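Student: Data: run_30.txt, compact mmCIF, C-alpha atoms and all ligand atoms.
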# COMPACT_ATOMS: atom_id res chain seq x y z
CA MET A 13 70.91 85.55 -29.60
CA GLU A 14 69.07 82.42 -28.47
CA HIS A 15 65.99 83.53 -26.55
CA SER A 16 64.48 80.06 -26.38
CA ILE A 17 66.30 79.46 -23.10
CA LEU A 18 64.12 82.04 -21.30
CA VAL A 19 60.54 80.89 -20.73
CA ASP A 20 58.15 82.77 -18.43
CA GLY A 21 60.97 84.29 -16.42
CA VAL A 22 62.78 80.98 -15.96
CA ILE A 23 66.21 80.44 -17.52
CA ASP A 24 66.18 76.90 -18.85
CA GLY A 25 69.64 75.53 -18.14
CA ARG A 26 68.76 72.15 -19.62
CA GLN A 27 67.86 73.72 -22.97
CA ALA A 28 70.99 75.89 -22.91
CA ALA A 29 73.07 72.79 -22.16
CA ARG A 30 71.50 70.97 -25.14
CA ILE A 31 72.62 73.82 -27.40
CA VAL A 32 76.18 73.71 -26.06
CA ARG A 33 76.30 69.91 -26.29
CA ALA A 34 75.14 69.95 -29.91
CA ARG A 35 78.10 72.22 -30.79
CA VAL A 36 80.52 70.04 -28.83
CA LYS A 37 79.18 66.90 -30.50
CA GLU A 38 79.77 68.39 -33.97
CA GLU A 39 83.36 69.20 -33.06
CA VAL A 40 83.95 65.78 -31.50
CA THR A 41 82.66 64.18 -34.71
CA GLU A 42 85.11 66.28 -36.73
CA LEU A 43 88.01 65.37 -34.44
CA ARG A 44 87.11 61.67 -34.57
CA ALA A 45 87.17 61.85 -38.37
CA GLU A 46 90.81 62.95 -37.96
CA GLY A 47 91.54 60.03 -35.64
CA ILE A 48 91.32 62.04 -32.40
CA HIS A 49 88.90 60.57 -29.85
CA PRO A 50 88.80 62.83 -26.74
CA ARG A 51 88.99 61.02 -23.41
CA VAL A 52 88.44 62.31 -19.88
CA ALA A 53 89.00 60.63 -16.50
CA PHE A 54 87.03 61.39 -13.33
CA VAL A 55 88.77 60.55 -10.06
CA ARG A 56 86.50 60.18 -7.05
CA VAL A 57 87.64 59.38 -3.51
CA GLY A 58 85.37 58.04 -0.78
CA GLU A 59 81.64 57.54 -0.52
CA ASP A 60 80.10 61.01 -0.86
CA ALA A 61 76.69 60.26 -2.43
CA ALA A 62 76.35 63.63 -4.18
CA SER A 63 79.79 63.22 -5.76
CA GLU A 64 78.82 59.83 -7.10
CA THR A 65 75.68 61.33 -8.67
CA TYR A 66 77.69 64.19 -10.24
CA VAL A 67 80.32 61.89 -11.71
CA ARG A 68 77.63 59.62 -13.18
CA ALA A 69 75.90 62.64 -14.72
CA LYS A 70 79.21 63.83 -16.20
CA ALA A 71 79.98 60.39 -17.64
CA ARG A 72 76.47 60.15 -19.14
CA ALA A 73 76.88 63.55 -20.81
CA CYS A 74 80.24 62.42 -22.26
CA GLY A 75 78.44 59.49 -23.87
CA TRP A 76 75.90 61.84 -25.48
CA VAL A 77 78.59 63.79 -27.34
CA GLY A 78 80.96 60.92 -28.15
CA VAL A 79 83.67 61.71 -25.57
CA ARG A 80 85.27 58.66 -23.90
CA SER A 81 85.15 58.76 -20.11
CA GLU A 82 86.58 56.71 -17.28
CA HIS A 83 85.46 56.76 -13.64
CA ILE A 84 88.23 55.93 -11.15
CA HIS A 85 86.82 55.37 -7.68
CA LEU A 86 89.31 55.18 -4.80
CA PRO A 87 88.37 54.08 -1.25
CA SER A 88 87.85 56.55 1.64
CA ASN A 89 91.14 55.46 3.27
CA THR A 90 93.20 56.47 0.23
CA THR A 91 96.34 58.34 1.29
CA GLN A 92 97.53 61.53 -0.34
CA GLN A 93 100.51 59.57 -1.68
CA ASP A 94 98.18 57.03 -3.35
CA LEU A 95 96.04 59.79 -4.82
CA PHE A 96 99.11 61.60 -6.13
CA ALA A 97 100.29 58.34 -7.72
CA THR A 98 96.93 57.97 -9.50
CA ILE A 99 97.05 61.57 -10.73
CA ASP A 100 100.65 61.18 -11.89
CA ARG A 101 99.74 58.04 -13.84
CA LEU A 102 96.84 59.83 -15.53
CA ASN A 103 98.95 62.93 -16.19
CA SER A 104 101.44 60.83 -18.10
CA ASP A 105 98.82 58.69 -19.92
CA ASN A 106 99.27 59.78 -23.51
CA ASP A 107 95.83 58.54 -24.49
CA LEU A 108 94.13 60.78 -21.88
CA ASP A 109 93.19 64.37 -22.66
CA ALA A 110 91.44 65.60 -19.53
CA LEU A 111 91.46 64.83 -15.82
CA LEU A 112 89.06 65.90 -13.08
CA VAL A 113 89.30 65.21 -9.35
CA GLN A 114 85.76 65.34 -7.96
CA LEU A 115 85.35 67.62 -4.93
CA PRO A 116 84.91 67.52 -2.00
CA LEU A 117 87.77 65.19 -1.10
CA PRO A 118 87.80 63.40 2.27
CA ASP A 119 89.53 65.38 5.05
CA GLY A 120 93.27 65.07 5.23
CA LEU A 121 93.94 64.70 1.50
CA GLY A 122 94.83 68.39 1.08
CA GLY A 123 92.40 69.58 -1.58
CA ARG A 124 94.55 72.39 -2.96
CA GLN A 125 97.71 70.27 -3.18
CA VAL A 126 95.73 67.66 -5.09
CA LEU A 127 94.34 70.19 -7.56
CA ASN A 128 97.86 71.59 -8.06
CA ARG A 129 99.06 68.11 -9.03
CA VAL A 130 96.82 67.87 -12.13
CA ALA A 131 98.72 68.61 -15.36
CA VAL A 132 97.89 72.15 -16.50
CA ASP A 133 96.79 71.10 -20.01
CA LYS A 134 94.58 68.27 -18.65
CA ASP A 135 93.00 70.48 -15.99
CA VAL A 136 89.49 70.33 -17.43
CA ASP A 137 88.04 72.01 -14.31
CA GLY A 138 90.39 74.99 -14.68
CA PHE A 139 91.29 74.86 -10.97
CA HIS A 140 95.09 74.69 -11.33
CA PRO A 141 96.69 77.98 -10.15
CA GLU A 142 98.24 78.46 -13.58
CA ASN A 143 94.84 78.26 -15.26
CA LEU A 144 93.21 80.44 -12.59
CA GLY A 145 96.02 82.99 -12.99
CA ALA A 146 95.61 82.93 -16.77
CA LEU A 147 91.89 83.57 -16.27
CA VAL A 148 92.71 86.72 -14.30
CA ALA A 149 95.23 87.72 -16.97
CA GLY A 150 92.54 87.08 -19.58
CA CYS A 151 94.65 84.72 -21.65
CA GLY A 152 93.88 81.14 -20.54
CA PRO A 153 92.13 78.47 -22.57
CA LEU A 154 90.73 76.54 -19.56
CA GLU A 155 88.29 78.33 -17.27
CA PRO A 156 86.24 76.78 -14.42
CA CYS A 157 83.06 75.19 -15.75
CA THR A 158 80.41 76.79 -13.51
CA PRO A 159 81.42 80.44 -14.00
CA SER A 160 82.16 80.00 -17.70
CA GLY A 161 78.80 78.21 -18.10
CA ILE A 162 77.09 81.23 -16.51
CA MET A 163 78.91 83.56 -18.91
CA ARG A 164 77.58 81.44 -21.77
CA LEU A 165 74.05 81.75 -20.38
CA ILE A 166 74.45 85.54 -20.16
CA GLU A 167 75.58 85.56 -23.78
CA MET A 168 72.69 83.33 -24.90
CA LEU A 169 70.24 85.60 -23.09
CA GLY A 170 71.63 88.53 -25.07
CA VAL A 171 72.48 90.48 -21.91
CA ASP A 172 75.09 93.19 -22.55
CA LEU A 173 77.07 93.60 -19.32
CA ARG A 174 78.38 97.05 -20.24
CA GLY A 175 76.99 99.60 -17.82
CA LYS A 176 75.45 96.86 -15.66
CA ARG A 177 76.08 96.23 -11.98
CA ALA A 178 76.73 92.63 -11.03
CA LEU A 179 76.90 90.99 -7.62
CA VAL A 180 78.58 87.68 -6.88
CA VAL A 181 77.57 86.20 -3.52
CA GLY A 182 80.28 83.74 -2.44
CA ARG A 183 84.05 83.99 -2.98
CA SER A 184 85.19 80.39 -3.32
CA VAL A 185 88.18 79.76 -5.55
CA ILE A 186 86.14 77.42 -7.77
CA VAL A 187 83.02 79.56 -8.30
CA GLY A 188 82.85 83.05 -6.75
CA ARG A 189 86.31 84.40 -7.56
CA PRO A 190 86.53 83.24 -11.19
CA MET A 191 82.93 84.45 -11.65
CA TYR A 192 83.93 87.89 -10.38
CA ASN A 193 86.81 88.04 -12.85
CA LEU A 194 84.77 86.86 -15.83
CA LEU A 195 82.07 89.45 -15.13
CA VAL A 196 84.70 92.21 -14.85
CA ARG A 197 86.18 91.03 -18.15
CA GLY A 198 82.67 91.23 -19.61
CA HIS A 199 82.64 94.94 -18.64
CA ALA A 200 80.20 94.71 -15.73
CA THR A 201 80.82 96.72 -12.56
CA VAL A 202 81.14 93.93 -10.02
CA MET A 203 80.80 93.49 -6.27
CA CYS A 204 81.58 90.31 -4.38
CA ALA A 205 79.82 89.47 -1.10
CA HIS A 206 80.67 86.84 1.50
CA ARG A 207 79.95 85.93 5.11
CA HIS A 208 81.35 89.22 6.43
CA THR A 209 79.40 91.46 4.05
CA PRO A 210 76.90 93.70 5.86
CA ASP A 211 73.43 94.40 4.46
CA LEU A 212 73.41 91.88 1.64
CA ALA A 213 69.84 92.88 0.78
CA SER A 214 70.86 96.40 -0.25
CA LEU A 215 73.64 95.06 -2.50
CA VAL A 216 71.27 92.63 -4.19
CA ALA A 217 68.79 95.47 -4.74
CA GLN A 218 71.40 97.39 -6.78
CA ALA A 219 72.44 94.52 -9.02
CA ASP A 220 71.29 93.93 -12.61
CA VAL A 221 72.98 90.52 -12.55
CA VAL A 222 73.19 88.39 -9.41
CA VAL A 223 75.19 85.16 -9.13
CA VAL A 224 74.72 83.29 -5.85
CA ALA A 225 77.03 80.46 -4.79
CA THR A 226 76.89 79.95 -1.04
CA GLY A 227 75.13 76.66 -0.29
CA VAL A 228 72.80 78.53 2.10
CA THR A 229 69.27 77.52 1.13
CA GLY A 230 66.94 80.45 0.50
CA LEU A 231 69.55 83.09 1.41
CA ILE A 232 68.36 85.52 -1.28
CA ARG A 233 64.78 86.73 -0.87
CA GLY A 234 62.71 87.67 -3.91
CA SER A 235 61.82 91.08 -2.47
CA TRP A 236 65.54 92.04 -2.47
CA ILE A 237 65.91 91.55 -6.22
CA LYS A 238 65.90 94.56 -8.53
CA PRO A 239 62.95 94.21 -10.92
CA GLY A 240 64.26 93.08 -14.31
CA ALA A 241 67.52 91.62 -12.95
CA TYR A 242 68.96 88.27 -14.07
CA VAL A 243 69.60 85.84 -11.24
CA PHE A 244 71.87 82.79 -11.48
CA ASP A 245 71.54 80.36 -8.59
CA VAL A 246 74.55 78.05 -8.27
CA GLY A 247 73.75 76.66 -4.83
CA ILE A 248 72.54 73.09 -4.49
CA THR A 249 71.55 71.71 -1.10
CA ARG A 250 69.70 68.47 -0.50
CA GLN A 251 66.71 68.98 1.77
CA ALA A 252 65.43 66.59 4.46
CA ASP A 253 62.69 65.35 2.07
CA GLY A 254 65.33 64.45 -0.54
CA SER A 255 64.58 67.37 -2.87
CA LEU A 256 67.24 69.84 -4.05
CA ALA A 257 67.08 73.55 -3.23
CA GLY A 258 69.05 76.59 -4.32
CA ASP A 259 70.29 79.70 -2.53
CA VAL A 260 67.55 81.89 -4.03
CA CYS A 261 63.87 81.80 -3.02
CA PHE A 262 62.86 80.76 -6.51
CA ASP A 263 59.09 81.31 -6.26
CA GLU A 264 59.62 84.83 -4.90
CA ALA A 265 62.28 85.71 -7.47
CA ARG A 266 60.33 84.45 -10.48
CA GLY A 267 58.26 87.22 -11.97
CA ARG A 268 60.29 89.95 -10.27
CA ALA A 269 63.54 89.03 -12.02
CA ALA A 270 63.69 89.11 -15.82
CA GLY A 271 65.11 85.62 -15.54
CA VAL A 272 66.12 83.24 -12.76
CA THR A 273 67.71 79.80 -12.97
CA PRO A 274 65.89 76.95 -11.20
CA VAL A 275 67.48 74.31 -8.97
CA PRO A 276 67.69 71.70 -10.36
CA GLY A 277 67.70 72.38 -14.10
CA GLY A 278 69.66 75.63 -14.15
CA ILE A 279 73.39 75.98 -13.55
CA GLY A 280 74.05 72.25 -13.01
CA PRO A 281 73.41 71.13 -16.62
CA MET A 282 75.35 74.12 -17.97
CA THR A 283 78.32 73.26 -15.75
CA ILE A 284 78.40 69.77 -17.23
CA ALA A 285 78.02 71.08 -20.79
CA GLN A 286 80.95 73.40 -20.17
CA LEU A 287 82.97 70.45 -18.87
CA LEU A 288 82.45 68.75 -22.24
CA SER A 289 83.52 71.91 -24.01
CA ASN A 290 86.65 72.12 -21.83
CA THR A 291 87.41 68.45 -22.57
CA LEU A 292 87.53 69.34 -26.24
CA THR A 293 89.82 72.26 -25.43
CA CYS A 294 92.17 69.89 -23.56
CA ALA A 295 92.20 67.48 -26.53
CA LYS A 296 93.12 70.33 -28.88
CA LEU A 297 95.67 71.89 -26.53
CA ARG A 298 97.64 68.69 -26.19
CA ARG A 299 97.88 68.37 -29.96
CA GLY A 300 98.83 71.98 -30.55
CA LEU A 301 95.54 72.63 -32.38
CA ILE A 302 94.99 75.70 -30.20
CA GLU A 303 97.42 78.04 -28.47
CA ARG A 304 98.06 77.80 -24.73
CA THR A 305 97.97 81.58 -24.51
CA ILE A 306 94.92 82.99 -26.16
CA HIS A 307 94.02 86.61 -26.54
CA ARG A 308 90.58 87.49 -25.32
CA ALA A 309 88.81 90.78 -25.86
P1 LIG B 401 82.09 77.24 -0.58
O1 LIG B 401 81.55 76.69 0.70
O2 LIG B 401 83.50 76.99 -0.95
O3 LIG B 401 81.88 78.83 -0.55
C1 LIG B 401 80.71 79.39 -0.10
C2 LIG B 401 80.83 80.89 -0.14
O4 LIG B 401 79.59 81.44 0.33
C3 LIG B 401 81.92 81.45 0.77
O5 LIG B 401 82.64 82.45 0.11
C4 LIG B 401 81.14 82.01 1.95
O6 LIG B 401 81.74 83.15 2.53
C5 LIG B 401 79.86 82.43 1.29
N1 LIG B 401 78.76 82.49 2.24
C6 LIG B 401 78.36 81.52 3.11
N2 LIG B 401 77.33 81.97 3.86
C7 LIG B 401 77.08 83.22 3.45
C8 LIG B 401 76.15 84.21 3.84
N3 LIG B 401 75.25 83.98 4.82
N4 LIG B 401 76.17 85.41 3.21
C9 LIG B 401 77.07 85.67 2.23
N5 LIG B 401 77.98 84.76 1.81
C10 LIG B 401 77.99 83.57 2.43
O7 LIG B 401 81.08 76.75 -1.69
P2 LIG B 401 81.23 76.58 -3.30
O8 LIG B 401 81.52 77.89 -3.92
O9 LIG B 401 82.08 75.42 -3.61
O10 LIG B 401 79.72 76.16 -3.64
C11 LIG B 401 78.63 76.99 -3.30
C12 LIG B 401 77.34 76.25 -3.62
O11 LIG B 401 77.28 76.00 -5.01
C13 LIG B 401 77.18 74.87 -2.95
O12 LIG B 401 75.81 74.68 -2.67
C14 LIG B 401 77.63 73.91 -4.02
O13 LIG B 401 77.04 72.64 -3.88
C15 LIG B 401 77.10 74.60 -5.25
N6 LIG B 401 77.82 74.29 -6.49
C16 LIG B 401 77.05 73.97 -7.57
C17 LIG B 401 77.63 73.73 -8.78
C18 LIG B 401 76.77 73.44 -9.95
O14 LIG B 401 77.23 72.88 -10.91
N7 LIG B 401 75.51 73.85 -9.92
C19 LIG B 401 79.10 73.75 -8.96
C20 LIG B 401 79.82 74.16 -7.77
C21 LIG B 401 79.18 74.40 -6.58
P3 LIG B 401 83.17 83.10 3.30
O15 LIG B 401 84.21 83.02 2.21
O16 LIG B 401 83.21 84.39 4.04
O17 LIG B 401 83.13 81.88 4.17
For this file, write the structure as structure tokens.

Tutor:
Amino acid sequence: MEHSILVDGVIDGRQAARIVRARVKEEVTELRAEGIHPRVAFVRVGEDAASETYVRAKARACGWVGVRSEHIHLPSNTTQQDLFATIDRLNSDNDLDALLVQLPLPDGLGGRQVLNRVAVDKDVDGFHPENLGALVAGCGPLEPCTPSGIMRLIEMLGVDLRGKRALVVGRSVIVGRPMYNLLVRGHATVMCAHRHTPDLASLVAQADVVVVATGVTGLIRGSWIKPGAYVFDVGITRQADGSLAGDVCFDEARGRAAGVTPVPGGIGPMTIAQLLSNTLTCAKLRRGLIERTIHRA
């Protein structure tokens, strides 16, 4: 149990990420001693400013742990055919372990088709249907970074999900749905809310663990939260004044919840730390150092 990540009711995602990165760095050092130097490529299309910031942050974190990274930036007018050609080239690059296509993609590129094109063993984001299916089956080595980062936080906090009620607000394929499945696997009793869910407040009030991923600033009010619950705020929205805000009213939630993640400094750093961990997994998978089908509890 590593309680140092919980300070005055705030779950310190930056500290948790440091702990994960230290473990990854040790393993990278060991692999490099055996002549294996993990390498990841980030493909970004167009001029989305937030995407550029995220890719830079990911590349910086790679540098901290000794993973090689490459940022491939394609223009906004890239066709799906061009993007597929780039992905195919990276898929067949024998010196490349992991490949990430930064979302969102410009309209017309067919986001799902693009994600399906990434080689299953290089799919560091865990968004390929085969990896998502394996997650549901409980046997995949590559799981999406945000939900698996939240599971790591839950573990570090020493929260036993058995007998607990959890609520996931948001059902996207990249966050909400895998989160739901990971919490069920962790033995929580889980509900999933979305735009058509009535009386969200009463569902939040029943939950011992709440994960919110909607992109709706301040959707979850502090007064809804069950005293002593743990609240994980995935949402990030840039405000008119340039600051970042989450989906949870942080000041209201703090003090009522046993722990709440801030925005920024909560789920974001853990997502990137998990990406580094997944990059290592890709490097090992491709060399047969770990099994493609793993057996989870
Ligand atoms: P999507 O837009 O794909 O999904 C949003 C989900 O929220 C949908 O399921 C939607 O419901 C639901 N939703 C929207 N409004 C409401 C509402 N009023 N009440 C209940 N549910 C609602 O977003 P993502 O999952 O990709 O991302 C969500 C947020 O998390 C964004 O702010 C994104 O930037 C952030 N994010 C942060 C990451 C990090 O590392 N910290 C990583 C990934 C995302 P419906 O399905 O019915 O439309």

Student: Would you compute the box with edges along x, y and z of the file around ligand LIG 401 (chain B), including every atom the file lists for it and 5 Å extra on each side, and give its centre and edge lengths in Å to one decimal, as lines of an AutoDock Vina configuration file?

Tutor:
center_x = 79.7
center_y = 79.2
center_z = -3.0
size_x = 19.0
size_y = 23.0
size_z = 25.7

Student: Could you give me, as a list in words, every polymer residue with an atom at most 6 Å away from an atom of ligand LIG 401 (chain B), counting all atoms listed in the file?

Tutor: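 After applying the 6 Å limit, what remains is Thr158, Val181, Gly182, Arg183, Ser184, Val187, Ala205, His206, Arg207, His208, Ala225, Thr226, Gly227, Val228, Val246, Gly247, Ile248, Thr249, Ile279, Gly280 and Thr283 of chain A.
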
Student: Restricting the calculation to only C-alpha atoms, which member of A:Cys151, A:Ala219, A:Val260, A:Arg177 is positioned closest to Arg304 of chain A?

Tutor: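 Under the stated criterion, the closest residue is A:Cys151.
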
Student: Which residues are close to segment 192-194 of chain A, i.e. within 10 Å by only C-alpha atoms, leaving aside same-chain residues fewer than 5 positions away? Reply as an MDAnalysis selection string.

Tutor: chainID A and resid 144 147:150 155 159:160 162:163 178:183 187 199:204 223

Student: Could you list, as a short mmCIF file (atom, residue, chain, number, x, y, z; two decimals) with C-alpha atoms, keeping the file's coordinate frame, every residue within 9 Å of segment 52-59 of chain A, counting all atoms listed in the file and ignoring same-chain residues fewer than 5 positions away?

Tutor:
data_model
loop_
_atom_site.label_atom_id
_atom_site.label_comp_id
_atom_site.auth_asym_id
_atom_site.auth_seq_id
_atom_site.Cartn_x
_atom_site.Cartn_y
_atom_site.Cartn_z
CA GLU A 64 78.82 59.83 -7.10
CA VAL A 67 80.32 61.89 -11.71
CA LYS A 70 79.21 63.83 -16.20
CA ALA A 71 79.98 60.39 -17.64
CA CYS A 74 80.24 62.42 -22.26
CA VAL A 79 83.67 61.71 -25.57
CA ARG A 80 85.27 58.66 -23.90
CA SER A 81 85.15 58.76 -20.11
CA GLU A 82 86.58 56.71 -17.28
CA HIS A 83 85.46 56.76 -13.64
CA ILE A 84 88.23 55.93 -11.15
CA HIS A 85 86.82 55.37 -7.68
CA LEU A 86 89.31 55.18 -4.80
CA PRO A 87 88.37 54.08 -1.25
CA SER A 88 87.85 56.55 1.64
CA ASN A 89 91.14 55.46 3.27
CA THR A 90 93.20 56.47 0.23
CA LEU A 95 96.04 59.79 -4.82
CA THR A 98 96.93 57.97 -9.50
CA ILE A 99 97.05 61.57 -10.73
CA LEU A 102 96.84 59.83 -15.53
CA LEU A 108 94.13 60.78 -21.88
CA ASP A 109 93.19 64.37 -22.66
CA ALA A 110 91.44 65.60 -19.53
CA LEU A 111 91.46 64.83 -15.82
CA LEU A 112 89.06 65.90 -13.08
CA VAL A 113 89.30 65.21 -9.35
CA GLN A 114 85.76 65.34 -7.96
CA LEU A 115 85.35 67.62 -4.93
CA PRO A 116 84.91 67.52 -2.00
CA LEU A 117 87.77 65.19 -1.10
CA PRO A 118 87.80 63.40 2.27
CA LYS A 134 94.58 68.27 -18.65
CA VAL A 136 89.49 70.33 -17.43
CA THR A 291 87.41 68.45 -22.57
#

Student: Pick the closest to Gly138 of chain A from A:Leu287, A:Leu121, A:Ala34, A:Ala265: which is it, counting only C-alpha atoms?

Tutor: A:Leu287

Student: Any idea what the distance is between atom CA of Ala257 of chain A and atom CA of Val224 of chain A?

Tutor: 12.7 Å

Student: Work out how far atom CA of Ile284 of chain A is from atom CA of Trp76 of chain A, in Å to one decimal.

Tutor: 11.7 Å

Student: Pick from A:Ala131, A:Ile306, A:Leu288, A:Ala269: nearest to Arg51 of chain A, with only C-alpha atoms counted?

Tutor: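 Residue with the minimum atom-to-atom distance to Arg51 of chain A: A:Leu288.
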
Student: Using Å and a single decimal, report how far atom CA of Leu256 of chain A sits from atom CA of Ala62 of chain A.

Tutor: 11.0 Å

Student: Out of A:Gly258, A:Arg250, A:Val272, A:Arg299, which residue has the shortest atom-to-atom distance to Val222 of chain A when counting only C-alpha atoms?

Tutor: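 Of A:Gly258, A:Arg250, A:Val272, A:Arg299, the one nearest Val222 of chain A is A:Val272, counting only C-alpha atoms.
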
Student: Using only C-alpha atoms, which residues sit within 10 Å of Val22 of chain A once same-chain residues fewer than 5 positions away are excluded, as an NGL selection string?

Tutor: :A and (17 or 242-243 or 262 or 265-267 or 269-274 or 278)

Student: Which residue gives the smallest distance to Gly145 of chain A among A:Gly300, A:Pro190, A:Gly75, A:Gly175, with all atoms listed in the file counted?

Tutor: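 Result for the nearest residue to Gly145 of chain A: A:Pro190.
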